[in-house]
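upload-v3.tsv (TSV, C-alpha atoms and all ligand atoms)
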```
chain	number	residue	atom	x	y	z
A	679	MET	CA	366.33	155.30	155.71
A	680	ASN	CA	369.08	152.90	154.63
A	681	LEU	CA	371.01	152.72	157.84
A	682	ALA	CA	374.63	151.69	158.42
A	683	ILE	CA	375.99	151.21	161.92
A	684	MET	CA	379.64	151.68	162.87
A	685	ALA	CA	380.81	150.12	166.13
A	686	SER	CA	383.97	148.98	167.92
A	687	GLY	CA	382.88	146.91	170.89
A	688	ARG	CA	380.19	144.70	172.37
A	689	GLY	CA	377.46	146.31	170.29
A	690	SER	CA	374.62	146.73	172.77
A	691	ASN	CA	373.54	150.01	171.13
A	692	ALA	CA	373.76	148.36	167.72
A	693	ALA	CA	371.48	145.61	169.08
A	694	ALA	CA	368.98	148.18	170.43
A	695	ILE	CA	368.87	149.92	167.03
A	696	LEU	CA	368.53	146.66	165.10
A	697	ASP	CA	365.82	145.40	167.47
A	698	ALA	CA	363.91	148.66	166.97
A	699	SER	CA	364.23	148.43	163.19
A	700	ALA	CA	362.99	144.83	163.27
A	701	SER	CA	359.88	146.04	165.09
A	702	ASP	CA	357.63	148.95	164.16
A	703	GLU	CA	359.59	151.26	166.40
A	704	LEU	CA	362.10	152.45	163.80
A	705	ASP	CA	361.39	152.66	160.08
A	706	ALA	CA	364.93	151.97	158.88
A	707	ARG	CA	366.50	149.29	156.71
A	708	PRO	CA	369.83	148.18	158.21
A	709	VAL	CA	372.24	147.78	155.27
A	710	ALA	CA	375.64	147.29	156.92
A	711	LEU	CA	377.46	147.10	160.21
A	712	ILE	CA	381.10	148.16	160.05
A	713	THR	CA	383.68	147.64	162.78
A	714	ASN	CA	387.26	148.85	162.96
A	715	ARG	CA	388.24	145.70	164.87
A	716	GLU	CA	387.99	141.96	164.40
A	717	ASN	CA	386.33	139.62	166.89
A	718	VAL	CA	384.09	142.16	168.57
A	719	GLY	CA	380.56	141.54	169.86
A	720	ALA	CA	379.07	144.02	167.41
A	721	LEU	CA	379.89	141.62	164.55
A	722	ASP	CA	377.88	138.84	166.27
A	723	VAL	CA	375.02	141.29	166.84
A	724	ALA	CA	374.94	142.01	163.08
A	725	GLU	CA	375.05	138.33	162.25
A	726	SER	CA	372.20	137.50	164.60
A	727	HIS	CA	370.11	140.24	162.95
A	728	ASN	CA	371.06	139.12	159.41
A	729	VAL	CA	372.81	142.38	158.67
A	730	PRO	CA	375.92	142.31	156.45
A	731	ALA	CA	378.94	142.81	158.73
A	732	TYR	CA	382.34	144.15	157.71
A	733	ALA	CA	385.46	144.17	159.88
A	734	VAL	CA	387.91	146.81	158.64
A	735	PRO	CA	390.88	146.54	161.01
A	736	ARG	CA	393.52	149.24	161.03
A	737	LEU	CA	396.38	146.79	160.50
A	738	ALA	CA	395.03	145.65	157.16
A	739	PHE	CA	395.68	149.12	155.72
A	740	PRO	CA	398.76	151.28	155.27
A	741	SER	CA	397.18	154.27	157.04
A	742	ARG	CA	394.11	155.38	159.00
A	743	SER	CA	393.06	157.33	155.99
A	744	ALA	CA	393.19	154.24	153.73
A	745	GLN	CA	391.21	152.32	156.36
A	746	GLN	CA	388.50	154.97	156.39
A	747	HIS	CA	388.44	155.18	152.59
A	748	ARG	CA	387.56	151.47	152.65
A	749	MET	CA	384.82	152.16	155.21
A	750	LEU	CA	383.39	154.90	152.99
A	751	GLU	CA	383.44	152.52	150.05
A	752	ILE	CA	381.46	149.96	152.06
A	753	LEU	CA	378.98	152.64	153.15
A	754	GLN	CA	378.42	153.74	149.57
A	755	ASP	CA	378.30	150.23	148.10
A	756	SER	CA	375.72	149.19	150.70
A	757	GLY	CA	373.47	152.07	149.69
A	758	ALA	CA	373.61	153.62	153.17
A	759	ASP	CA	372.09	157.09	153.33
A	760	PHE	CA	372.37	157.43	157.10
A	761	VAL	CA	375.00	156.31	159.62
A	762	ALA	CA	374.76	155.62	163.36
A	763	LEU	CA	377.99	155.52	165.35
A	764	ALA	CA	377.33	153.10	168.20
A	765	GLY	CA	380.38	152.85	170.41
A	766	PHE	CA	382.73	153.60	167.50
A	767	ASP	CA	386.13	154.50	168.92
A	768	ALA	CA	387.84	156.16	165.95
A	769	ILE	CA	387.42	159.76	164.88
A	770	LEU	CA	385.80	159.97	161.47
A	771	ARG	CA	387.91	161.65	158.82
A	772	PRO	CA	386.44	164.82	157.30
A	773	PHE	CA	385.85	163.04	153.96
A	774	ILE	CA	383.39	160.63	155.60
A	775	VAL	CA	381.64	163.42	157.53
A	776	ALA	CA	381.39	165.42	154.28
A	777	ALA	CA	379.92	162.44	152.41
A	778	TYR	CA	377.00	162.31	154.89
A	779	PRO	CA	376.30	165.92	155.93
A	780	ASN	CA	373.96	165.96	158.96
A	781	ARG	CA	373.36	162.26	158.23
A	782	ILE	CA	375.66	160.74	160.86
A	783	LEU	CA	374.61	160.46	164.51
A	784	ASN	CA	376.69	159.47	167.52
A	785	ILE	CA	375.80	158.49	171.08
A	786	HIS	CA	378.01	159.62	173.94
A	787	PRO	CA	377.68	158.54	177.60
A	788	SER	CA	377.53	162.01	179.18
A	789	LEU	CA	375.38	165.10	179.05
A	790	LEU	CA	377.37	166.95	176.39
A	791	PRO	CA	379.11	169.33	176.30
A	792	ALA	CA	380.28	167.95	179.66
A	793	PHE	CA	382.87	165.17	179.53
A	794	ALA	CA	383.30	165.23	175.76
A	795	GLY	CA	386.16	163.59	173.97
A	796	GLY	CA	386.77	160.24	175.63
A	797	MET	CA	385.49	156.76	174.97
A	798	ALA	CA	383.46	154.84	177.55
A	799	PRO	CA	384.29	154.33	180.40
A	800	VAL	CA	386.27	157.60	180.46
A	801	PRO	CA	383.25	159.98	180.42
A	802	GLN	CA	381.52	158.02	183.20
A	803	THR	CA	384.75	157.89	185.26
A	804	ASP	CA	385.28	161.62	184.83
A	805	ALA	CA	381.68	162.33	185.84
A	806	LEU	CA	382.17	160.38	189.08
A	807	ARG	CA	385.48	162.14	189.75
A	808	ALA	CA	383.87	165.53	189.19
A	809	GLY	CA	381.16	164.67	191.73
A	810	VAL	CA	378.29	165.60	189.42
A	811	ARG	CA	374.84	164.69	190.74
A	812	ILE	CA	373.30	164.12	187.34
A	813	SER	CA	374.77	162.46	184.27
A	814	GLY	CA	373.30	160.74	181.23
A	815	CYS	CA	373.73	160.34	177.51
A	816	THR	CA	373.53	162.46	174.40
A	817	VAL	CA	372.71	161.69	170.78
A	818	HIS	CA	374.22	164.30	168.49
A	819	VAL	CA	374.89	164.98	164.85
A	820	VAL	CA	378.48	164.24	163.88
A	821	THR	CA	380.53	167.14	162.61
A	822	GLU	CA	384.28	167.45	162.17
A	823	GLU	CA	384.61	168.70	165.75
A	824	LEU	CA	384.67	165.78	168.18
A	825	ASP	CA	381.48	165.34	170.26
A	826	ALA	CA	380.46	168.92	169.47
A	827	GLY	CA	377.80	168.53	166.77
A	828	PRO	CA	374.16	169.63	167.18
A	829	ILE	CA	372.38	167.81	170.00
A	830	VAL	CA	369.41	165.66	169.00
A	831	ALA	CA	368.34	164.13	172.31
A	832	GLN	CA	369.50	163.69	175.87
A	833	ALA	CA	368.49	161.56	178.82
A	834	ALA	CA	369.55	162.26	182.39
A	835	VAL	CA	370.16	159.81	185.22
A	836	PRO	CA	371.04	160.45	188.85
A	837	VAL	CA	374.54	159.76	190.12
A	838	LEU	CA	374.06	157.87	193.39
A	839	PRO	CA	376.35	158.04	196.43
A	840	ASN	CA	377.60	154.47	196.14
A	841	ASP	CA	377.98	154.43	192.36
A	842	THR	CA	380.96	152.75	190.76
A	843	VAL	CA	381.90	153.39	187.15
A	844	GLU	CA	380.09	150.16	186.28
A	845	THR	CA	376.83	150.94	188.07
A	846	LEU	CA	376.74	154.45	186.62
A	847	ALA	CA	377.63	153.18	183.12
A	848	ASP	CA	374.85	150.57	183.34
A	849	ARG	CA	372.27	153.16	184.41
A	850	ILE	CA	373.30	155.41	181.50
A	851	LEU	CA	373.36	152.48	179.06
A	852	GLU	CA	369.74	151.63	179.82
A	853	GLN	CA	368.83	155.16	178.69
A	854	GLU	CA	371.10	154.92	175.62
A	855	HIS	CA	369.16	151.91	174.40
A	856	ARG	CA	365.92	153.86	174.70
A	857	LEU	CA	367.20	157.17	173.35
A	858	TYR	CA	369.14	156.13	170.25
A	859	PRO	CA	366.28	154.40	168.38
A	860	LEU	CA	364.04	157.36	169.28
A	861	ALA	CA	366.50	159.90	167.87
A	862	LEU	CA	366.96	157.84	164.72
A	863	ARG	CA	363.22	157.62	164.30
A	864	TRP	CA	362.96	161.42	164.04
A	865	PHE	CA	365.49	161.41	161.19
A	866	ALA	CA	363.92	158.38	159.50
A	867	SER	CA	360.50	160.06	159.48
A	868	GLY	CA	361.92	163.34	158.22
A	869	SER	CA	360.75	165.20	161.31
A	870	ALA	CA	364.24	166.28	162.38
A	871	ARG	CA	366.15	169.05	160.66
A	872	VAL	CA	369.42	170.78	161.42
A	873	GLU	CA	369.49	174.55	161.17
A	874	ASN	CA	372.16	176.97	162.30
A	875	GLY	CA	373.82	174.33	164.45
A	876	LEU	CA	370.62	173.29	166.24
A	877	VAL	CA	368.31	170.32	165.74
A	878	TYR	CA	364.58	171.01	165.44
A	879	VAL	CA	362.13	168.13	165.61
A	880	ASP	CA	358.63	168.33	164.21
A	881	SER	CA	357.25	165.49	166.28
A	882	GLU	CA	354.71	165.61	169.10
A	883	GLU	CA	356.70	163.02	170.93
A	884	CYS	CA	359.78	165.22	170.93
A	885	GLN	CA	357.91	168.42	171.67
A	886	ALA	CA	356.34	166.82	174.73
A	887	LEU	CA	359.82	166.00	175.99
A	888	TRP	CA	361.52	169.26	175.00
A	889	PRO	CA	359.01	172.02	174.11
A	890	HIS	CA	361.76	174.39	172.87
A	891	THR	CA	362.58	172.07	169.97
A	892	ALA	CA	359.34	172.95	168.18
A	893	PRO	CA	359.94	173.99	164.55
B	1	LIG	C1	378.31	153.24	174.97
B	1	LIG	O1	378.21	153.57	176.34
B	1	LIG	C2	378.45	154.51	174.14
B	1	LIG	O2	377.73	155.60	174.65
B	1	LIG	C3	379.93	154.74	174.25
B	1	LIG	O3	380.51	153.48	174.11
B	1	LIG	C4	379.61	152.50	174.66
B	1	LIG	C5	379.42	151.43	173.63
B	1	LIG	O4	378.71	150.36	174.14
B	1	LIG	N1	380.37	155.68	173.25
B	1	LIG	C6	381.39	156.53	173.47
B	1	LIG	O5	382.05	156.56	174.49
B	1	LIG	C7	381.65	157.48	172.32
B	1	LIG	N2	382.63	158.46	172.69
B	1	LIG	P1	378.05	149.28	173.18
B	1	LIG	O6	379.19	148.72	172.31
B	1	LIG	O7	377.50	148.25	174.09
B	1	LIG	O8	377.01	149.97	172.36
```
Taking this structure as input, can you express it in the form of structure tokens?
Ligand code: GAR
Amino acid sequence: MNLAIMASGRGSNAAAILDASASDELDARPVALITNRENVGALDVAESHNVPAYAVPRLAFPSRSAQQHRMLEILQDSGADFVALAGFDAILRPFIVAAYPNRILNIHPSLLPAFAGGMAPVPQTDALRAGVRISGCTVHVVTEELDAGPIVAQAAVPVLPNDTVETLADRILEQEHRLYPLALRWFASGSARVENGLVYVDSEECQALWPHTAP
């Protein structure tokens, strides 16, 4: 797997993925990290992992579409054959999604389909406001419909009585860092496939967690 990461913020998920790929945990070669902003932590994360980093800020382009055409060019030039959105706060244009069919994953800080659509900390805030007792994170395949692609993996955490948005977000984030490299590993090893809008994983590790995902 030649993996590109797209991020917009501090880059803690990018760091978890790059750490996993530097160890035996994830068999992926990181080829690029792309941000849609300048001066964000994710760029430092790429630098510290010796991964080529590209800032593609909106204002440098006449339109969002032109900005994303540049991102697609970087993806293709870097040889990326798989993309991980890690706190990326722009909606991918259909031409990028179509260039990587079932080859783009995203992580979202809720148990989808609940609290879809917003960027952190909106999903965590909405979960607290709704009074849910359990929340978590979801890794899913990116399709044209926002946060609605086939679910690859989920991890649940309790919502505690004294939680603030920050304490809940931190508890979820700890699971994100565990879950995202795991989900990527199933695609890197070829054990995950997408069929009729569902993800099936031919891996003992996954089947132990979620027996219904057996092929
Ligand atoms: C993470 O909590 C991720 O789940 C969320 O943004 C945060 C990025 O943190 N993503 C979304 O809200 C996507 N809709 P990070 O920059 O430290 O990885």
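With the cut-off set to 6 Å and only C-alpha atoms and all ligand atoms counted, the residues surrounding ligand LIG 1 (chain B) are Gly687, Arg688, Gly689, Ser690, Asn691, Ala692, Ala764, Gly765, Ile785, His786, Pro787, Gly796, Met797, Ala798 and Leu851 of chain A.
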Write a file of the selected residues as a PDB file, keeping the file's coordinate frame, keeping C-alpha atoms.
```
ATOM      1  CA  GLY A 687     382.880 146.910 170.890  1.00  0.00           C
ATOM      2  CA  ARG A 688     380.190 144.700 172.370  1.00  0.00           C
ATOM      3  CA  GLY A 689     377.460 146.310 170.290  1.00  0.00           C
ATOM      4  CA  SER A 690     374.620 146.730 172.770  1.00  0.00           C
ATOM      5  CA  ASN A 691     373.540 150.010 171.130  1.00  0.00           C
ATOM      6  CA  ALA A 692     373.760 148.360 167.720  1.00  0.00           C
ATOM      7  CA  ALA A 764     377.330 153.100 168.200  1.00  0.00           C
ATOM      8  CA  GLY A 765     380.380 152.850 170.410  1.00  0.00           C
ATOM      9  CA  ILE A 785     375.800 158.490 171.080  1.00  0.00           C
ATOM     10  CA  HIS A 786     378.010 159.620 173.940  1.00  0.00           C
ATOM     11  CA  PRO A 787     377.680 158.540 177.600  1.00  0.00           C
ATOM     12  CA  GLY A 796     386.770 160.240 175.630  1.00  0.00           C
ATOM     13  CA  MET A 797     385.490 156.760 174.970  1.00  0.00           C
ATOM     14  CA  ALA A 798     383.460 154.840 177.550  1.00  0.00           C
ATOM     15  CA  LEU A 851     373.360 152.480 179.060  1.00  0.00           C
TER      16      LEU A 851
END
```
Within 8 Å of Leu857 of chain A using only C-alpha atoms, minus same-chain residues under 2 positions, as a PDB file with C-alpha atoms, in the frame of the given file:
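Below is the file result_6.pdb, written as the result:
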```pdb
ATOM      1  CA  VAL A 817     372.710 161.690 170.780  1.00  0.00           C
ATOM      2  CA  ALA A 831     368.340 164.130 172.310  1.00  0.00           C
ATOM      3  CA  GLN A 832     369.500 163.690 175.870  1.00  0.00           C
ATOM      4  CA  ALA A 833     368.490 161.560 178.820  1.00  0.00           C
ATOM      5  CA  GLN A 853     368.830 155.160 178.690  1.00  0.00           C
ATOM      6  CA  GLU A 854     371.100 154.920 175.620  1.00  0.00           C
ATOM      7  CA  HIS A 855     369.160 151.910 174.400  1.00  0.00           C
ATOM      8  CA  PRO A 859     366.280 154.400 168.380  1.00  0.00           C
ATOM      9  CA  LEU A 860     364.040 157.360 169.280  1.00  0.00           C
ATOM     10  CA  ALA A 861     366.500 159.900 167.870  1.00  0.00           C
TER      11      ALA A 861
END
```
_Among listed residues A:Val843, A:Ala685, A:Leu763, A:Ala805, nearest His818 of chain A (using all atoms listed in the file)_ =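 Closest to His818 of chain A, using all atoms listed in the file: A:Leu763.
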*Give me the residues within 10 Å of Leu862 of chain A as a PyMOL selection string, counting all atoms listed in the file and dropping any in the same chain fewer than 3 places off.*
chain A and resi 679+681+695+698-699+704-706+760-762+782-783+817+830-831+857-859+865-868+870
*Between A:Leu806, A:Leu887, A:Met684, A:Ala776, which is the closest to Thr845 of chain A once you count all atoms listed in the file?*
A:Leu806
*What is the distance, in Å and to one decimal place, between atom CA of Pro791 of chain A and atom CA of Ala826 of chain A?*
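Value for the atom CA of Pro791 of chain A-atom CA of Ala826 of chain A distance: 7.0 Å.
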Counting only C-alpha atoms, what is within 12 Å of Asn874 of chain A, bar same-chain residues fewer than 5 positions away, as a JSON list (two decimals) with C-alpha atoms, keeping the file's coordinate frame?
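Written file, selection-v1.json:
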```json
[["chain", "number", "residue", "atom", "x", "y", "z"],
["A", 780, "ASN", "CA", 373.96, 165.96, 158.96],
["A", 827, "GLY", "CA", 377.80, 168.53, 166.77],
["A", 828, "PRO", "CA", 374.16, 169.63, 167.18],
["A", 829, "ILE", "CA", 372.38, 167.81, 170.00]]
```
*Work out how far atom CA of Val879 of chain A is from atom CA of Ser686 of chain A, in Å to one decimal.*
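Value for the atom CA of Ser686 of chain A-atom CA of Val879 of chain A distance: 29.1 Å.
Taking all atoms listed in the file into account, Asp767 of chain A lies nearest to A:Pro799 out of the set A:Pro730, A:Gly809, A:Pro708, A:Pro799.
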Check which residues of segment 732-834 of chain A sit at most 12 Å from segment 712-723 of chain A using all atoms listed in the file, and return one row each with the closest pair of atoms and their distance in Å to one decimal, ordered by chain and rising number, as a Markdown table.
```
| residue | atom | partner | partner_atom | distance |
| --- | --- | --- | --- | --- |
| A:Tyr732 | CA | A:Ile712 | CA | 4.8 |
| A:Ala733 | CA | A:Thr713 | CA | 4.9 |
| A:Val734 | CA | A:Asn714 | CA | 4.8 |
| A:Pro735 | CA | A:Asn714 | CA | 4.7 |
| A:Arg736 | CA | A:Asn714 | CA | 6.6 |
| A:Leu737 | CA | A:Arg715 | CA | 9.3 |
| A:Ala738 | CA | A:Asn714 | CA | 10.2 |
| A:Phe739 | CA | A:Asn714 | CA | 11.1 |
| A:Arg742 | CA | A:Asn714 | CA | 10.3 |
| A:Gln745 | CA | A:Asn714 | CA | 8.4 |
| A:Gln746 | CA | A:Asn714 | CA | 9.1 |
| A:Arg748 | CA | A:Ile712 | CA | 10.4 |
| A:Met749 | CA | A:Ile712 | CA | 7.3 |
| A:Leu750 | CA | A:Ile712 | CA | 10.0 |
| A:Glu751 | CA | A:Ile712 | CA | 11.2 |
| A:Ile752 | CA | A:Ile712 | CA | 8.2 |
| A:Leu753 | CA | A:Ile712 | CA | 8.5 |
| A:Ser756 | CA | A:Ile712 | CA | 10.8 |
| A:Ala758 | CA | A:Ile712 | CA | 11.5 |
| A:Val761 | CA | A:Ile712 | CA | 10.2 |
| A:Ala762 | CA | A:Ile712 | CA | 10.3 |
| A:Leu763 | CA | A:Ile712 | CA | 9.6 |
| A:Ala764 | CA | A:Ala720 | CA | 9.3 |
| A:Gly765 | CA | A:Ala720 | CA | 9.4 |
| A:Phe766 | CA | A:Thr713 | CA | 7.7 |
| A:Asp767 | CA | A:Asn714 | CA | 8.3 |
| A:Ala768 | CA | A:Asn714 | CA | 7.9 |
| A:Ile769 | CA | A:Asn714 | CA | 11.1 |
| A:Leu770 | CA | A:Asn714 | CA | 11.3 |
```
*What gap, in Å, lies between atom CA of Trp864 of chain A and atom CA of Val877 of chain A?*
10.5 Å
_Nearest candidate to Leu789 of chain A (options A:Gly757, A:Pro836, A:Gly875, A:Gly814; using all atoms listed in the file)_ =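 Closest candidate: A:Gly814.
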